[in-house]
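Asks: Handing over entry-v6.cif, mmCIF, C-alpha atoms.
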```
data_final
#
loop_
_atom_site.label_atom_id
_atom_site.label_comp_id
_atom_site.auth_asym_id
_atom_site.auth_seq_id
_atom_site.Cartn_x
_atom_site.Cartn_y
_atom_site.Cartn_z
CA MET R 21 -34.11 45.65 -37.89
CA VAL R 22 -36.20 45.82 -34.77
CA SER R 23 -39.51 44.04 -34.60
CA LYS R 24 -42.21 45.20 -32.22
CA THR R 25 -42.93 41.88 -30.47
CA SER R 26 -41.35 38.50 -30.01
CA LYS R 27 -44.23 37.05 -32.04
CA ASP R 28 -43.19 39.35 -34.85
CA SER R 29 -39.59 38.19 -34.51
CA LYS R 30 -40.67 34.55 -34.77
CA GLU R 31 -42.74 35.31 -37.82
CA LYS R 32 -39.76 36.99 -39.38
CA GLU R 33 -37.65 33.83 -39.05
CA HIS R 34 -39.91 32.06 -41.53
CA ILE R 35 -39.13 34.54 -44.27
CA THR R 36 -36.56 33.43 -46.78
CA PHE R 37 -33.75 35.91 -46.72
CA LYS R 38 -32.33 35.14 -50.16
CA ASN R 39 -33.82 38.36 -51.52
CA ILE R 40 -32.73 40.51 -48.63
CA ARG R 41 -29.24 41.88 -48.78
CA GLN R 42 -27.48 44.00 -46.22
CA GLY R 43 -24.31 45.87 -47.02
CA LYS R 44 -22.21 48.97 -46.95
CA ILE R 45 -23.10 51.77 -49.33
CA GLU R 46 -20.57 50.59 -51.97
CA ASP R 47 -22.12 47.10 -52.05
CA ILE R 48 -25.66 48.41 -52.28
CA LEU R 49 -24.69 50.94 -54.94
CA ASN R 50 -23.06 48.16 -56.90
CA GLU R 51 -26.25 46.11 -56.57
CA LEU R 52 -28.43 49.01 -57.71
CA THR R 53 -26.33 49.83 -60.74
CA LYS R 54 -26.48 46.19 -61.86
CA THR R 55 -30.27 46.21 -61.69
CA ASP R 56 -32.17 45.65 -64.91
CA LEU R 57 -35.31 47.39 -66.06
CA GLY R 58 -38.40 45.80 -64.53
CA ALA R 59 -36.97 45.67 -61.01
CA HIS R 60 -39.01 46.75 -58.03
CA TYR R 61 -36.73 46.93 -55.01
CA LEU R 62 -37.02 48.05 -51.41
CA VAL R 63 -34.09 50.05 -50.07
CA ILE R 64 -33.68 50.86 -46.38
CA TYR R 65 -31.30 53.71 -45.60
CA PRO R 66 -29.94 54.59 -42.13
CA ASP R 67 -29.76 58.38 -42.46
CA LEU R 68 -29.95 61.25 -44.92
CA VAL R 69 -26.19 61.53 -45.38
CA THR R 70 -26.02 57.92 -46.58
CA LEU R 71 -29.10 58.36 -48.78
CA ARG R 72 -27.57 61.41 -50.43
CA GLU R 73 -24.39 59.53 -51.21
CA LEU R 74 -26.40 56.66 -52.62
CA TYR R 75 -28.70 58.64 -54.87
CA SER R 76 -26.09 61.08 -56.11
CA HIS R 77 -23.85 58.24 -57.33
CA TYR R 78 -26.71 56.20 -58.70
CA ILE R 79 -28.38 59.11 -60.52
CA LYS R 80 -25.12 60.11 -62.15
CA THR R 81 -24.70 56.59 -63.54
CA ALA R 82 -28.35 56.45 -64.64
CA LEU R 83 -28.16 59.76 -66.49
CA TYR R 84 -24.66 59.55 -67.93
CA ASP R 85 -24.06 55.85 -68.57
CA LYS R 86 -27.48 54.20 -68.74
CA ASN R 87 -29.37 56.92 -70.61
CA GLU R 88 -32.32 56.58 -68.24
CA ILE R 89 -34.92 59.09 -67.16
CA VAL R 90 -34.73 59.55 -63.39
CA ILE R 91 -37.69 60.51 -61.22
CA VAL R 92 -36.67 61.39 -57.66
CA LEU R 93 -39.23 61.79 -54.88
CA PRO R 94 -37.54 63.00 -51.71
CA PHE R 95 -39.41 63.34 -48.44
CA TYR R 96 -37.02 64.27 -45.64
CA GLU R 97 -35.34 66.93 -47.73
CA THR R 98 -36.66 69.43 -50.22
CA ALA R 99 -36.43 69.14 -54.00
CA ASP R 100 -34.07 72.12 -53.92
CA THR R 101 -31.77 70.34 -51.49
CA VAL R 102 -31.66 67.34 -53.84
CA ARG R 103 -30.79 69.71 -56.71
CA LYS R 104 -27.99 71.20 -54.60
CA ILE R 105 -26.63 67.76 -53.64
CA LEU R 106 -26.66 66.58 -57.26
CA THR R 107 -24.99 69.76 -58.46
CA GLU R 108 -22.30 70.00 -55.83
CA ASP R 109 -21.43 67.01 -53.74
CA GLY R 110 -19.12 64.96 -55.88
CA ALA R 111 -21.81 64.18 -58.46
CA ASN R 112 -21.38 67.45 -60.40
CA ILE R 113 -24.50 66.82 -62.46
CA ASP R 114 -25.81 69.60 -64.69
CA VAL R 115 -29.20 69.46 -62.99
CA ARG R 116 -30.73 72.35 -64.95
CA LYS R 117 -29.85 70.75 -68.28
CA TYR R 118 -31.31 67.35 -67.33
CA GLU R 119 -34.42 68.90 -65.81
CA ARG R 120 -34.93 71.00 -68.95
CA GLU R 121 -34.76 67.93 -71.19
CA GLN R 122 -37.00 66.03 -68.73
CA SER R 123 -34.42 63.34 -68.07
CA LEU R 124 -34.42 64.32 -64.42
CA VAL R 125 -37.61 65.04 -62.52
CA ILE R 126 -37.52 65.95 -58.84
CA ILE R 127 -40.86 66.14 -57.03
CA ASP R 128 -41.64 66.23 -53.33
CA SER R 129 -42.86 62.74 -52.38
CA LEU R 130 -45.91 64.13 -50.58
CA LYS R 131 -46.99 66.02 -53.71
CA GLY R 132 -46.11 63.11 -55.98
CA TYR R 133 -48.17 60.54 -54.11
CA PHE R 134 -50.87 62.64 -52.49
CA GLY R 135 -51.02 65.77 -54.64
CA SER R 136 -53.72 64.33 -56.88
CA GLN R 137 -56.37 61.66 -56.62
CA GLU R 138 -54.68 59.51 -59.26
CA GLY R 139 -51.36 59.44 -57.40
CA LEU R 140 -48.00 58.95 -59.06
CA MET R 141 -48.57 56.06 -61.46
CA PRO R 142 -50.15 58.01 -64.39
CA PHE R 143 -47.13 60.31 -64.43
CA VAL R 144 -44.73 57.35 -64.31
CA ARG R 145 -46.51 55.65 -67.24
CA GLN R 146 -46.40 58.90 -69.18
CA SER R 147 -42.67 59.13 -68.49
CA VAL R 148 -42.14 55.54 -69.71
CA ASP R 149 -43.91 56.47 -72.96
CA TYR R 150 -41.87 59.64 -73.24
CA ALA R 151 -38.65 57.64 -72.71
CA LYS R 152 -39.45 55.59 -75.83
CA THR R 153 -39.98 58.63 -78.03
CA ALA R 154 -36.97 60.46 -76.58
CA GLY R 155 -34.61 57.57 -77.27
CA LYS R 156 -34.08 56.82 -73.59
CA SER R 157 -33.58 53.29 -72.34
CA GLY R 158 -36.20 53.56 -69.61
CA VAL R 159 -37.30 55.22 -66.40
CA VAL R 160 -36.05 54.77 -62.87
CA VAL R 161 -38.07 55.97 -59.88
CA PHE R 162 -36.22 56.73 -56.66
CA ALA R 163 -39.02 57.33 -54.18
CA ASP R 164 -38.94 57.97 -50.45
CA LEU R 165 -42.09 56.43 -49.01
CA GLY R 166 -41.82 58.49 -45.81
CA SER R 167 -44.74 60.55 -47.12
CA PHE R 168 -47.06 57.63 -46.39
CA PHE R 169 -46.47 58.14 -42.67
CA TYR R 170 -47.07 61.87 -42.81
CA TYR R 171 -50.74 61.86 -41.95
CA GLY R 172 -50.29 59.78 -38.81
CA THR R 173 -51.05 56.13 -38.27
CA THR R 174 -51.68 55.11 -41.86
CA GLU R 175 -49.32 52.15 -42.08
CA GLY R 176 -52.10 50.16 -43.76
CA LEU R 177 -52.02 52.65 -46.59
CA ILE R 178 -48.40 51.91 -47.39
CA LEU R 179 -49.08 48.16 -47.55
CA GLU R 180 -52.10 48.73 -49.74
CA TYR R 181 -50.03 50.86 -52.09
CA GLU R 182 -47.03 48.51 -52.22
CA LYS R 183 -49.29 45.51 -52.79
CA SER R 184 -50.85 47.32 -55.74
CA LEU R 185 -47.43 47.33 -57.44
CA PRO R 186 -46.07 44.22 -59.14
CA LEU R 187 -43.02 42.31 -57.93
CA ILE R 188 -41.51 42.96 -61.35
CA TYR R 189 -42.59 45.64 -63.83
CA ASP R 190 -42.97 43.04 -66.53
CA GLY R 191 -42.70 44.41 -70.07
CA MET R 192 -42.27 47.98 -68.81
CA ASN R 193 -39.08 49.95 -69.21
CA LEU R 194 -39.28 50.89 -65.57
CA LYS R 195 -37.31 50.35 -62.37
CA GLY R 196 -38.66 51.33 -58.98
CA PHE R 197 -36.65 51.78 -55.81
CA CYS R 198 -38.85 52.26 -52.75
CA LEU R 199 -36.83 54.04 -50.11
CA TYR R 200 -37.56 53.72 -46.41
CA HIS R 201 -35.78 55.50 -43.60
CA GLU R 202 -34.63 52.79 -41.20
CA LYS R 203 -36.37 54.52 -38.29
CA ASP R 204 -39.70 54.56 -40.12
CA PHE R 205 -39.35 50.96 -41.21
CA SER R 206 -38.41 49.56 -37.83
CA ALA R 207 -40.44 51.81 -35.52
CA ARG R 208 -43.64 52.35 -37.48
CA LEU R 209 -44.20 48.93 -38.96
CA THR R 210 -44.89 45.68 -37.15
CA GLY R 211 -42.88 42.57 -38.00
CA HIS R 212 -45.85 41.33 -40.01
CA GLN R 213 -46.03 44.55 -42.02
CA GLN R 214 -42.27 44.44 -42.60
CA ASN R 215 -42.60 40.87 -43.87
CA GLU R 216 -45.38 41.90 -46.22
CA LEU R 217 -43.14 44.59 -47.63
CA TRP R 218 -40.19 42.20 -48.07
CA LYS R 219 -42.52 39.87 -49.95
CA HIS R 220 -43.81 42.54 -52.30
CA HIS R 221 -40.43 43.55 -53.64
CA GLY R 222 -38.18 41.61 -55.96
CA LYS R 223 -35.25 42.35 -53.70
CA SER R 224 -34.68 44.25 -50.47
CA LEU R 225 -31.46 46.10 -49.80
CA ILE R 226 -30.46 47.39 -46.39
CA VAL R 227 -27.72 49.98 -46.29
CA ILE R 228 -25.65 49.80 -43.13
CA PRO R 229 -23.84 52.94 -42.00
CA MET W 7 -40.64 89.76 3.25
CA SER W 8 -37.47 88.55 4.96
CA SER W 9 -37.15 87.99 8.68
CA LEU W 10 -35.51 91.44 8.83
CA GLY W 11 -38.61 93.02 7.35
CA ILE W 12 -36.83 93.91 4.09
CA GLN W 13 -38.50 93.25 0.71
CA LEU W 14 -36.03 91.00 -1.12
CA GLU W 15 -35.88 90.64 -4.86
CA LYS W 16 -36.46 87.04 -5.80
CA ILE W 17 -33.37 85.63 -7.50
CA PRO W 18 -34.31 83.09 -10.11
CA THR W 19 -32.81 79.68 -9.55
CA SER W 20 -32.10 77.22 -12.32
CA SER W 21 -35.27 75.33 -11.38
CA SER W 22 -37.43 78.42 -11.88
CA LEU W 23 -36.20 78.96 -15.43
CA LYS W 24 -38.56 77.72 -18.10
CA SER W 25 -36.79 75.76 -20.82
CA ILE W 26 -37.44 75.29 -24.50
CA LEU W 27 -37.54 71.83 -26.03
CA VAL W 28 -36.08 71.89 -29.54
CA VAL W 29 -36.62 68.86 -31.78
CA ASP W 30 -35.23 68.45 -35.29
CA ASP W 31 -33.73 65.38 -36.95
CA ASP W 32 -31.02 67.64 -38.33
CA HIS W 33 -28.31 67.95 -35.69
CA ASP W 34 -27.06 71.24 -37.20
CA ILE W 35 -30.47 72.90 -36.87
CA VAL W 36 -30.74 71.90 -33.21
CA GLY W 37 -27.26 73.32 -32.60
CA LEU W 38 -28.04 76.53 -34.45
CA ILE W 39 -31.25 77.19 -32.52
CA ARG W 40 -29.60 76.26 -29.24
CA ARG W 41 -26.75 78.74 -29.75
CA LEU W 42 -29.09 81.49 -30.90
CA LEU W 43 -31.59 81.16 -28.07
CA GLU W 44 -29.03 80.56 -25.34
CA ARG W 45 -27.47 83.89 -26.27
CA HIS W 46 -30.84 85.44 -25.50
CA GLY W 47 -31.04 83.86 -22.06
CA TYR W 48 -33.15 80.80 -22.78
CA ASN W 49 -32.45 77.32 -21.50
CA ILE W 50 -32.50 74.86 -24.37
CA VAL W 51 -32.91 71.10 -24.32
CA GLY W 52 -32.33 69.74 -27.81
CA PHE W 53 -33.11 66.38 -29.40
CA THR W 54 -32.68 64.89 -32.87
CA ASP W 55 -34.87 61.94 -31.92
CA PRO W 56 -38.55 62.85 -31.38
CA ILE W 57 -39.27 59.69 -29.34
CA ALA W 58 -36.45 60.52 -26.93
CA ALA W 59 -37.67 64.12 -26.81
CA LEU W 60 -41.18 63.01 -25.91
CA LYS W 61 -39.90 60.66 -23.20
CA HIS W 62 -37.87 63.50 -21.73
CA PHE W 63 -40.85 65.83 -21.88
CA GLU W 64 -43.05 63.26 -20.18
CA LEU W 65 -40.63 63.02 -17.26
CA ASP W 66 -40.04 66.72 -16.85
CA LYS W 67 -42.93 68.57 -18.47
CA LYS W 68 -43.16 71.30 -15.81
CA ARG W 69 -39.75 72.49 -16.85
CA PHE W 70 -40.79 73.48 -20.35
CA GLY W 71 -42.52 76.64 -21.51
CA LEU W 72 -42.22 76.08 -25.24
CA VAL W 73 -41.66 73.29 -27.77
CA ILE W 74 -40.10 74.04 -31.14
CA SER W 75 -40.33 71.09 -33.50
CA ASP W 76 -39.57 70.26 -37.08
CA ILE W 77 -42.47 68.69 -39.00
CA ARG W 78 -40.93 66.04 -41.26
CA MET W 79 -38.97 63.65 -39.10
CA PRO W 80 -38.65 59.87 -39.36
CA GLN W 81 -40.14 57.65 -36.66
CA MET W 82 -42.48 60.38 -35.35
CA ASN W 83 -43.31 63.55 -37.23
CA GLY W 84 -43.85 66.98 -35.71
CA TYR W 85 -47.64 66.68 -35.88
CA GLU W 86 -47.59 63.44 -33.91
CA LEU W 87 -45.13 64.88 -31.38
CA VAL W 88 -47.18 68.03 -30.82
CA LYS W 89 -50.35 66.02 -30.39
CA ARG W 90 -48.71 63.92 -27.67
CA VAL W 91 -47.17 66.98 -26.00
CA LYS W 92 -50.54 68.75 -25.91
CA THR W 93 -52.15 65.65 -24.40
CA LEU W 94 -49.59 65.74 -21.60
CA LYS W 95 -49.69 69.51 -21.16
CA PRO W 96 -52.54 71.24 -23.02
CA GLU W 97 -51.34 74.78 -22.26
CA MET W 98 -47.90 74.09 -23.77
CA LYS W 99 -46.84 76.67 -26.35
CA VAL W 100 -45.72 75.18 -29.63
CA ILE W 101 -43.83 76.41 -32.68
CA LEU W 102 -43.62 74.15 -35.72
CA MET W 103 -40.92 74.61 -38.33
CA SER W 104 -40.36 73.22 -41.78
CA ALA W 105 -38.25 73.67 -44.89
CA PHE W 106 -41.37 72.75 -46.87
CA GLU W 107 -44.32 74.90 -47.74
CA ILE W 108 -46.62 74.88 -44.71
CA ASN W 109 -50.18 74.40 -45.78
CA ARG W 110 -52.30 75.69 -42.91
CA GLU W 111 -55.49 74.20 -44.35
CA GLU W 112 -53.89 70.77 -44.51
CA PHE W 113 -52.50 71.30 -41.02
CA SER W 114 -55.94 72.04 -39.59
CA LYS W 115 -57.14 68.76 -41.10
CA VAL W 116 -54.29 66.76 -39.53
CA LEU W 117 -54.54 68.44 -36.12
CA PRO W 118 -58.01 69.98 -36.03
CA SER W 119 -58.15 70.82 -32.33
CA VAL W 120 -54.50 71.58 -31.62
CA LYS W 121 -53.43 75.19 -31.28
CA ILE W 122 -50.05 75.99 -32.80
CA ASP W 123 -48.65 79.30 -31.64
CA ALA W 124 -46.37 79.97 -34.62
CA PHE W 125 -44.83 78.47 -37.73
CA ILE W 126 -41.26 78.95 -38.89
CA SER W 127 -40.34 78.44 -42.53
CA LYS W 128 -36.75 77.23 -42.84
CA PRO W 129 -34.41 78.87 -43.54
CA ALA W 130 -35.53 81.60 -41.15
CA SER W 131 -33.63 84.69 -40.09
CA ARG W 132 -32.30 84.87 -36.53
CA LYS W 133 -34.42 87.96 -35.97
CA GLN W 134 -37.54 86.10 -37.00
CA VAL W 135 -36.81 83.11 -34.74
CA ILE W 136 -36.07 85.37 -31.77
CA HIS W 137 -39.18 87.43 -32.41
CA LEU W 138 -41.44 84.35 -32.51
CA VAL W 139 -39.85 82.80 -29.42
CA GLN W 140 -40.12 86.08 -27.50
CA THR W 141 -43.78 86.31 -28.47
CA CYS W 142 -44.39 82.84 -27.06
CA MET W 143 -42.11 83.29 -24.04
CA PRO W 144 -41.87 87.04 -23.38
CA THR W 145 -39.11 86.69 -20.80
CA ALA W 146 -36.42 84.10 -20.53
CA LEU W 147 -36.79 84.14 -16.76
CA LYS W 148 -40.30 83.14 -15.79
#
```
Just give me the structure as structure tokens.
Replies:
Amino acid sequence: MVSKTSKDSKEKEHITFKNIRQGKIEDILNELTKTDLGAHYLVIYPDLVTLRELYSHYIKTALYDKNEIVIVLPFYETADTVRKILTEDGANIDVRKYEREQSLVIIDSLKGYFGSQEGLMPFVRQSVDYAKTAGKSGVVVFADLGSFFYYGTTEGLILEYEKSLPLIYDGMNLKGFCLYHEKDFSARLTGHQQNELWKHHGKSLIVIP
Amino acid sequence: MSSLGIQLEKIPTSSSLKSILVVDDDHDIVGLIRRLLERHGYNIVGFTDPIAALKHFELDKKRFGLVISDIRMPQMNGYELVKRVKTLKPEMKVILMSAFEINREEFSKVLPSVKIDAFISKPASRKQVIHLVQTCMPTALK
């Protein structure tokens, strides 16, 4: 991870790294699948190919084995591309079926976060309530936060948003994975901002290519 | 006129050819556009990294007659890139492309004073891409 200044680098050294884990896709996938409800994690991915591999494996496990509702918010690819990836590339998920029964929801991140004044949280809460009535174990949100950089230099906005979320979704049948493209994370955020983000997540996982 | 008094046709040299800067984080898209436009006589300089593309443009901006850029890219999006390009060369022609719905109203809010010559919705037909590029750069040899 590249910090913008040497001051930033020094500041970074003071962070405890026990909650930051770096690993190959298999290790990170293993970590994600072990995650309990309530988790709020930061995941840094190096490129779209790696991200696709990660989410297609994870979503399959979430839908088939964990009986969870999955909300996916892509940013650097369209919702239709995500549908295609989940249908074809190794995952072989019956996307139509899961979308019909509202176990799988795919929304463009820009629309999800900025499409309404209320943002995403009311929909997530509604989905958590629906999970209870539908006999699902909970909800997992797989969200690319790249949309927060879309309108230009609004890095403060992303910190404000992340700080509004708890470290752990205590008492909620919810898991949140905040996805950052490595280039956005390292080039758009200062070391201080990166530190703030590390601190506001229960765990941070960096996928190395 | 030559020293012999004959009117000579000016032969374009490589330096007199205007190039097109193509920027998309998807390597395949850059390759596709490069192949398509090169077949029509255009010189293409392609980048998957918008920061590197901007640096290159900064060093050699006279060379370019058109910039074609994707909108959603990590590190620097198409809006940011175009803004910087127009600051360096205000008369630069620009085509933005995206696989997402392009909301012109939203665009005019993000870049209120920047003129975009055309938008391409991906996937676009070859004919459409060629037509838009030819509209912006009527001849490959300028």
Asks: Which residues, written as a PyMOL selection string, have at least one atom at most 10 Å from range 58-75 of chain W, with only C-alpha atoms counted and residues fewer than 6 positions away on the same chain left out?
Replies: chain W and resi 21-31+36+39+49-52+82-85+87-88+90-91+94-95+97-104+123-126+139+142-143+146+148
Asks: My list of candidates is W:His33, W:Lys92, W:Arg41, W:Arg78. Which is closest to chain R when distances are computed with only C-alpha atoms?
Replies: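 Counting only C-alpha atoms, the residue closest to chain R is W:Arg78.
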Asks: Restricting the calculation to only C-alpha atoms, which member of R:Leu177, R:Leu130, R:Ile89, R:Met141 is positioned closest to Gly155 in chain R?
Replies: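 For Gly155 in chain R, the nearest of the candidates is R:Ile89.
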Asks: If you take only C-alpha atoms and a cut-off of 8 Å, which residues of chain W touch chain R, and what are their nearest atom pairs and distances in Å to one decimal, in chain and number order, as a Markdown table?
Replies:
```
| residue | atom | partner | partner_atom | distance |
| --- | --- | --- | --- | --- |
| W:Arg78 | CA | R:Tyr96 | CA | 6.1 |
| W:Met79 | CA | R:Tyr96 | CA | 6.9 |
| W:Pro80 | CA | R:Asp204 | CA | 5.5 |
| W:Gln81 | CA | R:Asp204 | CA | 4.7 |
| W:Asn83 | CA | R:Tyr170 | CA | 6.9 |
| W:Tyr85 | CA | R:Gly172 | CA | 8.0 |
| W:Glu86 | CA | R:Gly172 | CA | 6.7 |
| W:Ala105 | CA | R:Thr98 | CA | 7.0 |
| W:Phe106 | CA | R:Thr98 | CA | 6.7 |
| W:Val116 | CA | R:Tyr171 | CA | 6.5 |
```
Asks: So the first atom is CA of Val144 in chain R and the second is CA of Gly196 in chain R; what is the distance between them in Å, to one decimal place?
Replies: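 Pair CA of Val144 in chain R / CA of Gly196 in chain R returns 10.1 Å.
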Asks: Would you mind completing range 70-95 of chain R to N, CA and C atoms and writing the output as an mmCIF file, in the frame of the given file?
Replies:
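Writing done, so here's part.cif:
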```cif
data_model
loop_
_atom_site.group_PDB
_atom_site.id
_atom_site.type_symbol
_atom_site.label_atom_id
_atom_site.label_comp_id
_atom_site.auth_asym_id
_atom_site.auth_seq_id
_atom_site.Cartn_x
_atom_site.Cartn_y
_atom_site.Cartn_z
ATOM 1 N N THR R 70 -26.240 59.139 -45.799
ATOM 2 C CA THR R 70 -26.020 57.920 -46.580
ATOM 3 C C THR R 70 -26.922 57.915 -47.822
ATOM 4 N N LEU R 71 -28.175 58.321 -47.637
ATOM 5 C CA LEU R 71 -29.100 58.360 -48.780
ATOM 6 C C LEU R 71 -28.584 59.287 -49.875
ATOM 7 N N ARG R 72 -28.084 60.437 -49.457
ATOM 8 C CA ARG R 72 -27.570 61.410 -50.430
ATOM 9 C C ARG R 72 -26.414 60.825 -51.234
ATOM 10 N N GLU R 73 -25.544 60.140 -50.547
ATOM 11 C CA GLU R 73 -24.390 59.530 -51.210
ATOM 12 C C GLU R 73 -24.875 58.483 -52.221
ATOM 13 N N LEU R 74 -25.867 57.733 -51.776
ATOM 14 C CA LEU R 74 -26.400 56.660 -52.620
ATOM 15 C C LEU R 74 -27.062 57.217 -53.874
ATOM 16 N N TYR R 75 -27.981 58.176 -53.682
ATOM 17 C CA TYR R 75 -28.700 58.640 -54.870
ATOM 18 C C TYR R 75 -27.834 59.492 -55.791
ATOM 19 N N SER R 76 -26.892 60.248 -55.219
ATOM 20 C CA SER R 76 -26.090 61.080 -56.110
ATOM 21 C C SER R 76 -25.214 60.220 -57.028
ATOM 22 N N HIS R 77 -24.659 59.138 -56.493
ATOM 23 C CA HIS R 77 -23.850 58.240 -57.330
ATOM 24 C C HIS R 77 -24.732 57.505 -58.330
ATOM 25 N N TYR R 78 -25.861 56.996 -57.813
ATOM 26 C CA TYR R 78 -26.710 56.200 -58.700
ATOM 27 C C TYR R 78 -27.274 57.050 -59.831
ATOM 28 N N ILE R 79 -27.755 58.251 -59.502
ATOM 29 C CA ILE R 79 -28.380 59.110 -60.520
ATOM 30 C C ILE R 79 -27.366 59.511 -61.591
ATOM 31 N N LYS R 80 -26.156 59.748 -61.169
ATOM 32 C CA LYS R 80 -25.120 60.110 -62.150
ATOM 33 C C LYS R 80 -24.933 58.965 -63.162
ATOM 34 N N THR R 81 -24.854 57.750 -62.657
ATOM 35 C CA THR R 81 -24.700 56.590 -63.540
ATOM 36 C C THR R 81 -25.922 56.439 -64.453
ATOM 37 N N ALA R 82 -27.107 56.618 -63.871
ATOM 38 C CA ALA R 82 -28.350 56.450 -64.640
ATOM 39 C C ALA R 82 -28.436 57.465 -65.774
ATOM 40 N N LEU R 83 -28.062 58.709 -65.469
ATOM 41 C CA LEU R 83 -28.160 59.760 -66.490
ATOM 42 C C LEU R 83 -27.041 59.680 -67.525
ATOM 43 N N TYR R 84 -25.824 59.480 -67.047
ATOM 44 C CA TYR R 84 -24.660 59.550 -67.930
ATOM 45 C C TYR R 84 -24.380 58.246 -68.668
ATOM 46 N N ASP R 85 -24.466 57.123 -67.961
ATOM 47 C CA ASP R 85 -24.060 55.850 -68.570
ATOM 48 C C ASP R 85 -25.231 55.021 -69.082
ATOM 49 N N LYS R 86 -26.377 55.093 -68.374
ATOM 50 C CA LYS R 86 -27.480 54.200 -68.740
ATOM 51 C C LYS R 86 -28.544 54.876 -69.596
ATOM 52 N N ASN R 87 -28.422 56.180 -69.782
ATOM 53 C CA ASN R 87 -29.370 56.920 -70.610
ATOM 54 C C ASN R 87 -30.814 56.738 -70.121
ATOM 55 N N GLU R 88 -30.983 56.763 -68.811
ATOM 56 C CA GLU R 88 -32.320 56.580 -68.240
ATOM 57 C C GLU R 88 -32.931 57.926 -67.824
ATOM 58 N N ILE R 89 -34.227 57.938 -67.744
ATOM 59 C CA ILE R 89 -34.920 59.090 -67.160
ATOM 60 C C ILE R 89 -35.031 58.800 -65.665
ATOM 61 N N VAL R 90 -34.704 59.778 -64.841
ATOM 62 C CA VAL R 90 -34.730 59.550 -63.390
ATOM 63 C C VAL R 90 -35.816 60.425 -62.743
ATOM 64 N N ILE R 91 -36.684 59.780 -61.994
ATOM 65 C CA ILE R 91 -37.690 60.510 -61.220
ATOM 66 C C ILE R 91 -37.323 60.343 -59.740
ATOM 67 N N VAL R 92 -37.052 61.452 -59.071
ATOM 68 C CA VAL R 92 -36.670 61.390 -57.660
ATOM 69 C C VAL R 92 -37.794 62.000 -56.820
ATOM 70 N N LEU R 93 -38.180 61.282 -55.779
ATOM 71 C CA LEU R 93 -39.230 61.790 -54.880
ATOM 72 C C LEU R 93 -38.712 61.822 -53.449
ATOM 73 N N PRO R 94 -38.075 62.921 -53.087
ATOM 74 C CA PRO R 94 -37.540 63.000 -51.710
ATOM 75 C C PRO R 94 -38.656 63.313 -50.712
ATOM 76 N N PHE R 95 -38.428 62.960 -49.465
ATOM 77 C CA PHE R 95 -39.410 63.340 -48.440
ATOM 78 C C PHE R 95 -38.780 64.095 -47.275
#
```
